[in-house]
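To start, the structure under review is shown below, and the notes come after it.
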Amino acid sequence: MDNDVYYLNNGYPMPKIGLGVYKITNDEMEIAVHSALEAGYRAFDTAYFYGNEQALGNALRNSDIDREDLFITSKLWNDFQGYENTKAYFYKTLENLGTDYLDLYLIHWPCEADGLFIESYRAMEELYDEGKIRAIGVCNFEQHHLETLMKETKIVPAVNQIEVHPYFDQHELQAYCDEKDIAVTAWMPLMRNKGLLDHPTIVNIAKEYNKTPAQIVLRWHLAHNRLVIPKSKTPSRIEENYNILDFNLELTDIAEIDSLNKNQRQGNNPDKVHIGSLK
Ligand SMILES: NC(=O)c1ccc[n+]([C@@H]2O[C@H](COP(=O)([O-])OP(=O)(O)OC[C@H]3O[C@@H](n4cnc5c(N)ncnc54)[C@H](OP(=O)(O)O)[C@@H]3O)[C@@H](O)[C@H]2O)c1
């Protein structure tokens, strides 16, 4: 099973492939979660902001998988940064999910200009020390945010969840995280299926390996020491996205996909997001 698992910097195992549930509606959740569990997923990535923690928690509780065999990630929303709020909204997230601990809790965006991410993280460190969270980390932190955070706090983040795909490979931030033993999880790993999966390079490599374009892109992420949380509400795609552990890409194919990089972000720039700017 080790092939499926990434050992975080505190030794806690995190499945390399999880289901991202951003935009999965409450009505779609039951089928998506059921399909994912059938396919072999045990990790699920949600956030308070997604408004579907309750639906995810219900669907997981309706399954016959024990809580300790699941890996549940959620995130502290921007509007609730600050020491007291972090604790209050962490417990709200636990209540929504119907669980008494999280496997991973992340700060959703640094919102550096608001000056609250350090005290938010300190609250998370206390929750971690109390055993309420198995690992803590961040999302959308650039190197300078990580440097500030690590200067002011005790626990090196276990994870930095960032936008990465072949058009935006984040190689410098990845190298920095690798050096500090911070696991990188790619959000938007498939570039939301907007013009990447039909790129001729990806399509040709997929044909060579008898795999789908999505499987090739996801395998490329794993080859770069990243975890992935592809989102799909479609049972056949959910299964397809999980079935990527039975092959390896040749170095030349990895390099060919690397060459597609355009340093082109699709999502928000972390230096421009502040409290209240995202709805
Ligand atoms: N920390 C952050 O700030 C942040 C930001 C964004 C996302 N995230 C997390 O990252 C997860 C994934 O990112 P994302 O949802 O933005 O984008 P994504 O996973 O790159 O793409 C999802 C889109 O791709 C389609 N898709 C999935 N598998 C496919 C396949 N095998 N073939 C063709 N199309 C496929 C899905 O369609 P269907 O659903 O219709 O099948 C959906 O439209 C999110 O769900 C969320 O958990 C985190």
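A note on labels: chains of the structure tokens are A, B, ... as shown, every chain counts residues from 1, and ligands are counted from 1 in their shown order.
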Let me have all residues with an atom within 9 Å of ligand 1, counting only C-alpha atoms and all ligand atoms, laid out as a PyMOL selection string. chain A and resi 18-24+44-47+50+73-75+106-109+138-140+160-165+185-194+197+212-215+228-241+267-268+270
Members of segment 12-228 of chain A assigned strand (DSSP E) by DSSP, as number ranges by chain: A: 13-15, 18-20, 43-45, 71-76, 102-107, 133-139, 159-163, 183-187, 226-228
Distance table requested - segment 44-83 of chain A against segment 118-135 of chain A, cut-off 8 Å, only C-alpha atoms: one row per qualifying residue with the closest atom pair and its distance in Å to one decimal, ordered by chain and rising residue number, as a tab-separated table.
residue	atom	partner	partner_atom	distance
A:Gln81	CA	A:Ser120	CA	5.6
A:Gly82	CA	A:Ser120	CA	4.8
A:Tyr83	CA	A:Ser120	CA	4.8
Of the residues A:Ile17, A:Arg226, A:Asp66, A:Trp220, which is the one nearest to Asp181 of chain A, using only C-alpha atoms? A:Arg226
For Tyr176 of chain A: contacts at 10 Å, only C-alpha atoms, fewer than 5 positions along chain excluded, given as a JSON list (two decimals) with all heavy atoms, in the first residue's frame:
[["chain", "number", "residue", "atom", "x", "y", "z"],
["A", 142, "GLU", "N", 3.18, 31.34, -0.85],
["A", 142, "GLU", "CA", 4.40, 31.52, -1.64],
["A", 142, "GLU", "C", 5.58, 31.35, -0.69],
["A", 142, "GLU", "O", 5.42, 31.34, 0.54],
["A", 142, "GLU", "CB", 4.41, 32.93, -2.24],
["A", 142, "GLU", "CG", 3.22, 33.24, -3.15],
["A", 142, "GLU", "CD", 3.31, 32.52, -4.48],
["A", 142, "GLU", "OE1", 4.38, 32.56, -5.11],
["A", 142, "GLU", "OE2", 2.32, 31.90, -4.89],
["A", 143, "GLN", "N", 6.79, 31.29, -1.27],
["A", 143, "GLN", "CA", 7.98, 31.10, -0.43],
["A", 143, "GLN", "C", 8.06, 32.15, 0.68],
["A", 143, "GLN", "O", 8.35, 31.84, 1.84],
["A", 143, "GLN", "CB", 9.25, 31.12, -1.28],
["A", 143, "GLN", "CG", 10.50, 30.89, -0.42],
["A", 143, "GLN", "CD", 11.75, 30.68, -1.23],
["A", 143, "GLN", "OE1", 11.71, 30.20, -2.36],
["A", 143, "GLN", "NE2", 12.88, 31.04, -0.66],
["A", 146, "LEU", "N", 5.81, 31.39, 3.54],
["A", 146, "LEU", "CA", 6.31, 30.25, 4.33],
["A", 146, "LEU", "C", 7.46, 30.68, 5.23],
["A", 146, "LEU", "O", 7.54, 30.28, 6.40],
["A", 146, "LEU", "CB", 6.76, 29.11, 3.39],
["A", 146, "LEU", "CG", 5.62, 28.37, 2.66],
["A", 146, "LEU", "CD1", 6.18, 27.48, 1.55],
["A", 146, "LEU", "CD2", 4.80, 27.51, 3.64],
["A", 171, "HIS", "N", 7.82, 25.26, -10.34],
["A", 171, "HIS", "CA", 9.02, 24.47, -10.00],
["A", 171, "HIS", "C", 9.85, 25.10, -8.88],
["A", 171, "HIS", "O", 10.44, 24.38, -8.09],
["A", 171, "HIS", "CB", 9.86, 24.16, -11.24],
["A", 171, "HIS", "CG", 10.24, 25.37, -12.04],
["A", 171, "HIS", "ND1", 9.40, 25.91, -13.00],
["A", 171, "HIS", "CD2", 11.34, 26.14, -12.02],
["A", 171, "HIS", "CE1", 10.00, 26.98, -13.52],
["A", 171, "HIS", "NE2", 11.16, 27.14, -12.95],
["A", 181, "ASP", "N", 10.84, 19.90, 3.41],
["A", 181, "ASP", "CA", 10.01, 18.74, 3.74],
["A", 181, "ASP", "C", 8.54, 19.12, 3.97],
["A", 181, "ASP", "O", 7.88, 18.66, 4.90],
["A", 181, "ASP", "CB", 10.58, 17.99, 4.96],
["A", 181, "ASP", "CG", 10.12, 16.54, 5.00],
["A", 181, "ASP", "OD1", 9.49, 16.08, 4.03],
["A", 181, "ASP", "OD2", 10.37, 15.86, 6.02],
["A", 182, "ILE", "N", 8.07, 20.00, 3.11],
["A", 182, "ILE", "CA", 6.65, 20.38, 3.11],
["A", 182, "ILE", "C", 6.05, 19.71, 1.87],
["A", 182, "ILE", "O", 6.50, 19.97, 0.75],
["A", 182, "ILE", "CB", 6.50, 21.92, 2.99],
["A", 182, "ILE", "CG1", 7.17, 22.62, 4.18],
["A", 182, "ILE", "CG2", 5.03, 22.31, 2.86],
["A", 182, "ILE", "CD1", 7.29, 24.14, 4.03]]
What is the distance, in Å and to one decimal place, between atom CA of Tyr91 of chain A and atom CA of Ser35 of chain A?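 Between atom CA of Tyr91 of chain A and atom CA of Ser35 of chain A the gap works out to 28.2 Å.
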Residues of segment 14-237 of chain A in alpha helix (DSSP H) according to DSSP, as a VMD selection string? chain A and resid 26 to 39 53 to 61 83 to 97 117 to 129 143 to 152 171 to 180 200 to 209 213 to 223 235 to 237
Take the residues from that selection and put them in a file with C-alpha atoms, as a JSON list (two decimals), in the first residue's frame.
[["chain", "number", "residue", "atom", "x", "y", "z"],
["A", 26, "ASN", "CA", -25.06, 18.39, -1.80],
["A", 27, "ASP", "CA", -27.20, 16.37, -4.24],
["A", 28, "GLU", "CA", -24.15, 15.01, -6.08],
["A", 29, "MET", "CA", -22.12, 14.16, -2.99],
["A", 30, "GLU", "CA", -23.56, 10.77, -2.07],
["A", 31, "ILE", "CA", -22.86, 9.25, -5.49],
["A", 32, "ALA", "CA", -19.43, 10.88, -5.80],
["A", 33, "VAL", "CA", -18.30, 9.65, -2.39],
["A", 34, "HIS", "CA", -19.74, 6.19, -2.92],
["A", 35, "SER", "CA", -17.97, 5.92, -6.31],
["A", 36, "ALA", "CA", -14.72, 7.16, -4.82],
["A", 37, "LEU", "CA", -14.76, 4.70, -1.94],
["A", 38, "GLU", "CA", -15.57, 1.85, -4.36],
["A", 39, "ALA", "CA", -12.63, 2.89, -6.56],
["A", 53, "GLU", "CA", -18.70, 19.73, 4.66],
["A", 54, "GLN", "CA", -22.00, 18.43, 6.01],
["A", 55, "ALA", "CA", -22.86, 16.58, 2.81],
["A", 56, "LEU", "CA", -19.39, 15.02, 2.72],
["A", 57, "GLY", "CA", -19.60, 14.01, 6.38],
["A", 58, "ASN", "CA", -23.04, 12.45, 5.85],
["A", 59, "ALA", "CA", -21.91, 10.51, 2.79],
["A", 60, "LEU", "CA", -18.82, 9.20, 4.60],
["A", 61, "ARG", "CA", -20.86, 8.17, 7.62],
["A", 83, "TYR", "CA", -6.68, 33.14, 17.01],
["A", 84, "GLU", "CA", -10.16, 32.89, 18.55],
["A", 85, "ASN", "CA", -12.01, 32.53, 15.25],
["A", 86, "THR", "CA", -9.68, 29.78, 14.06],
["A", 87, "LYS", "CA", -10.57, 27.66, 17.06],
["A", 88, "ALA", "CA", -14.29, 28.45, 16.83],
["A", 89, "TYR", "CA", -14.50, 27.67, 13.11],
["A", 90, "PHE", "CA", -12.34, 24.56, 13.42],
["A", 91, "TYR", "CA", -14.97, 23.19, 15.81],
["A", 92, "LYS", "CA", -17.72, 24.29, 13.42],
["A", 93, "THR", "CA", -15.98, 22.29, 10.67],
["A", 94, "LEU", "CA", -15.76, 19.23, 12.94],
["A", 95, "GLU", "CA", -19.46, 19.60, 13.69],
["A", 96, "ASN", "CA", -20.31, 19.95, 9.99],
["A", 97, "LEU", "CA", -18.33, 16.84, 9.14],
["A", 117, "PHE", "CA", -2.08, 34.06, 9.43],
["A", 118, "ILE", "CA", 0.52, 33.66, 12.19],
["A", 119, "GLU", "CA", -1.99, 33.81, 15.04],
["A", 120, "SER", "CA", -4.35, 31.56, 13.07],
["A", 121, "TYR", "CA", -1.58, 29.02, 12.65],
["A", 122, "ARG", "CA", -0.68, 29.23, 16.36],
["A", 123, "ALA", "CA", -4.27, 28.30, 17.18],
["A", 124, "MET", "CA", -3.93, 25.35, 14.80],
["A", 125, "GLU", "CA", -0.69, 24.31, 16.53],
["A", 126, "GLU", "CA", -2.56, 24.18, 19.83],
["A", 127, "LEU", "CA", -5.34, 22.08, 18.29],
["A", 128, "TYR", "CA", -2.66, 19.78, 16.87],
["A", 129, "ASP", "CA", -0.98, 19.48, 20.30],
["A", 143, "GLN", "CA", 7.98, 31.10, -0.43],
["A", 144, "HIS", "CA", 7.94, 34.46, 1.36],
["A", 145, "HIS", "CA", 4.75, 33.55, 3.26],
["A", 146, "LEU", "CA", 6.31, 30.25, 4.33],
["A", 147, "GLU", "CA", 9.48, 31.98, 5.49],
["A", 148, "THR", "CA", 7.49, 34.43, 7.62],
["A", 149, "LEU", "CA", 5.35, 31.64, 9.05],
["A", 150, "MET", "CA", 8.27, 29.38, 9.91],
["A", 151, "LYS", "CA", 10.16, 32.22, 11.61],
["A", 152, "GLU", "CA", 7.21, 32.89, 13.94],
["A", 171, "HIS", "CA", 9.02, 24.47, -10.00],
["A", 172, "GLU", "CA", 10.70, 27.05, -7.74],
["A", 173, "LEU", "CA", 8.09, 26.83, -4.99],
["A", 174, "GLN", "CA", 8.06, 23.04, -5.32],
["A", 175, "ALA", "CA", 11.88, 22.93, -4.91],
["A", 176, "TYR", "CA", 11.66, 25.15, -1.82],
["A", 177, "CYS", "CA", 8.90, 22.95, -0.29],
["A", 178, "ASP", "CA", 10.87, 19.78, -1.09],
["A", 179, "GLU", "CA", 13.91, 21.25, 0.66],
["A", 180, "LYS", "CA", 11.85, 22.08, 3.78],
["A", 200, "PRO", "CA", -1.45, 17.00, -28.56],
["A", 201, "THR", "CA", 1.55, 16.29, -26.32],
["A", 202, "ILE", "CA", -0.67, 14.89, -23.58],
["A", 203, "VAL", "CA", -2.92, 13.05, -26.04],
["A", 204, "ASN", "CA", 0.06, 11.41, -27.78],
["A", 205, "ILE", "CA", 1.68, 10.30, -24.53],
["A", 206, "ALA", "CA", -1.68, 8.92, -23.40],
["A", 207, "LYS", "CA", -1.91, 6.83, -26.57],
["A", 208, "GLU", "CA", 1.63, 5.51, -26.06],
["A", 209, "TYR", "CA", 0.80, 4.24, -22.56],
["A", 213, "PRO", "CA", -4.94, 12.18, -20.80],
["A", 214, "ALA", "CA", -6.12, 12.77, -17.22],
["A", 215, "GLN", "CA", -4.23, 9.69, -16.02],
["A", 216, "ILE", "CA", -1.06, 10.93, -17.72],
["A", 217, "VAL", "CA", -1.31, 14.39, -16.15],
["A", 218, "LEU", "CA", -2.02, 12.95, -12.69],
["A", 219, "ARG", "CA", 0.89, 10.52, -13.01],
["A", 220, "TRP", "CA", 3.11, 13.46, -14.03],
["A", 221, "HIS", "CA", 2.22, 15.19, -10.74],
["A", 222, "LEU", "CA", 3.15, 12.08, -8.74],
["A", 223, "ALA", "CA", 6.46, 11.86, -10.61],
["A", 235, "PRO", "CA", -18.27, 8.04, -11.37],
["A", 236, "SER", "CA", -16.29, 6.85, -14.43],
["A", 237, "ARG", "CA", -13.84, 9.78, -14.12]]
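One distance worth recording is that between atom CA of Tyr41 of chain A and atom CA of Asp69 of chain A, which is 10.3 Å.
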Atom CA of Ala43 of chain A to atom CA of Leu70 of chain A: how many Å, to one decimal? 5.9 Å
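Of the listed residues (A:Ala158, A:Lys211, A:Tyr167, A:Tyr105), A:Ala158 comes nearest to Pro13 of chain A; the distances count only C-alpha atoms.
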Selected residue, from A:Ile155, A:Lys262, A:Asp100, A:Arg42, that lies nearest to Met14 of chain A when counting only C-alpha atoms: A:Arg42
Give me, as a PyMOL selection string, all polymer residues having an atom no more than 9 Å from Ala113 of chain A, counting only C-alpha atoms and skipping those fewer than 4 positions away in the same chain. chain A and resi 271-275
Using the selection just defined, write its residues with all heavy atoms as a PDB file, in the first residue's frame.
ATOM      1  N   ASP A 271      -0.882  36.632  -3.543  1.00  0.00           N
ATOM      2  CA  ASP A 271      -0.474  37.939  -3.015  1.00  0.00           C
ATOM      3  C   ASP A 271      -1.579  38.976  -3.150  1.00  0.00           C
ATOM      4  O   ASP A 271      -1.471  40.080  -2.611  1.00  0.00           O
ATOM      5  CB  ASP A 271       0.803  38.420  -3.709  1.00  0.00           C
ATOM      6  CG  ASP A 271       2.029  37.742  -3.120  1.00  0.00           C
ATOM      7  OD1 ASP A 271       2.097  37.616  -1.880  1.00  0.00           O
ATOM      8  OD2 ASP A 271       2.897  37.306  -3.902  1.00  0.00           O
ATOM      9  N   LYS A 272      -2.631  38.636  -3.904  1.00  0.00           N
ATOM     10  CA  LYS A 272      -3.709  39.626  -4.110  1.00  0.00           C
ATOM     11  C   LYS A 272      -4.989  39.288  -3.354  1.00  0.00           C
ATOM     12  O   LYS A 272      -5.917  40.080  -3.330  1.00  0.00           O
ATOM     13  CB  LYS A 272      -4.006  39.741  -5.609  1.00  0.00           C
ATOM     14  CG  LYS A 272      -2.787  40.233  -6.372  1.00  0.00           C
ATOM     15  CD  LYS A 272      -3.146  40.859  -7.696  1.00  0.00           C
ATOM     16  CE  LYS A 272      -1.914  41.501  -8.300  1.00  0.00           C
ATOM     17  NZ  LYS A 272      -1.727  41.176  -9.690  1.00  0.00           N
ATOM     18  N   VAL A 273      -5.007  38.097  -2.774  1.00  0.00           N
ATOM     19  CA  VAL A 273      -6.226  37.701  -2.046  1.00  0.00           C
ATOM     20  C   VAL A 273      -6.161  38.278  -0.632  1.00  0.00           C
ATOM     21  O   VAL A 273      -5.137  38.170   0.038  1.00  0.00           O
ATOM     22  CB  VAL A 273      -6.330  36.158  -1.987  1.00  0.00           C
ATOM     23  CG1 VAL A 273      -7.475  35.718  -1.086  1.00  0.00           C
ATOM     24  CG2 VAL A 273      -6.512  35.594  -3.398  1.00  0.00           C
ATOM     25  N   HIS A 274      -7.243  38.919  -0.195  1.00  0.00           N
ATOM     26  CA  HIS A 274      -7.288  39.387   1.186  1.00  0.00           C
ATOM     27  C   HIS A 274      -8.657  39.047   1.771  1.00  0.00           C
ATOM     28  O   HIS A 274      -9.570  38.620   1.042  1.00  0.00           O
ATOM     29  CB  HIS A 274      -6.967  40.886   1.266  1.00  0.00           C
ATOM     30  CG  HIS A 274      -7.865  41.725   0.410  1.00  0.00           C
ATOM     31  ND1 HIS A 274      -9.089  42.171   0.827  1.00  0.00           N
ATOM     32  CD2 HIS A 274      -7.723  42.158  -0.871  1.00  0.00           C
ATOM     33  CE1 HIS A 274      -9.667  42.856  -0.141  1.00  0.00           C
ATOM     34  NE2 HIS A 274      -8.862  42.864  -1.187  1.00  0.00           N
ATOM     35  N   ILE A 275      -8.780  39.239   3.051  1.00  0.00           N
ATOM     36  CA  ILE A 275     -10.034  38.875   3.711  1.00  0.00           C
ATOM     37  C   ILE A 275     -11.183  39.642   3.051  1.00  0.00           C
ATOM     38  O   ILE A 275     -11.106  40.851   2.882  1.00  0.00           O
ATOM     39  CB  ILE A 275      -9.956  39.162   5.225  1.00  0.00           C
ATOM     40  CG1 ILE A 275      -8.975  38.165   5.856  1.00  0.00           C
ATOM     41  CG2 ILE A 275     -11.328  39.079   5.886  1.00  0.00           C
ATOM     42  CD1 ILE A 275      -8.706  38.375   7.329  1.00  0.00           C
TER      43      ILE A 275
END
Considering only C-alpha atoms, can you say which of A:Leu260, A:Leu116, A:Val5, A:Leu245 comes closest to Phe71 of chain A? A:Val5
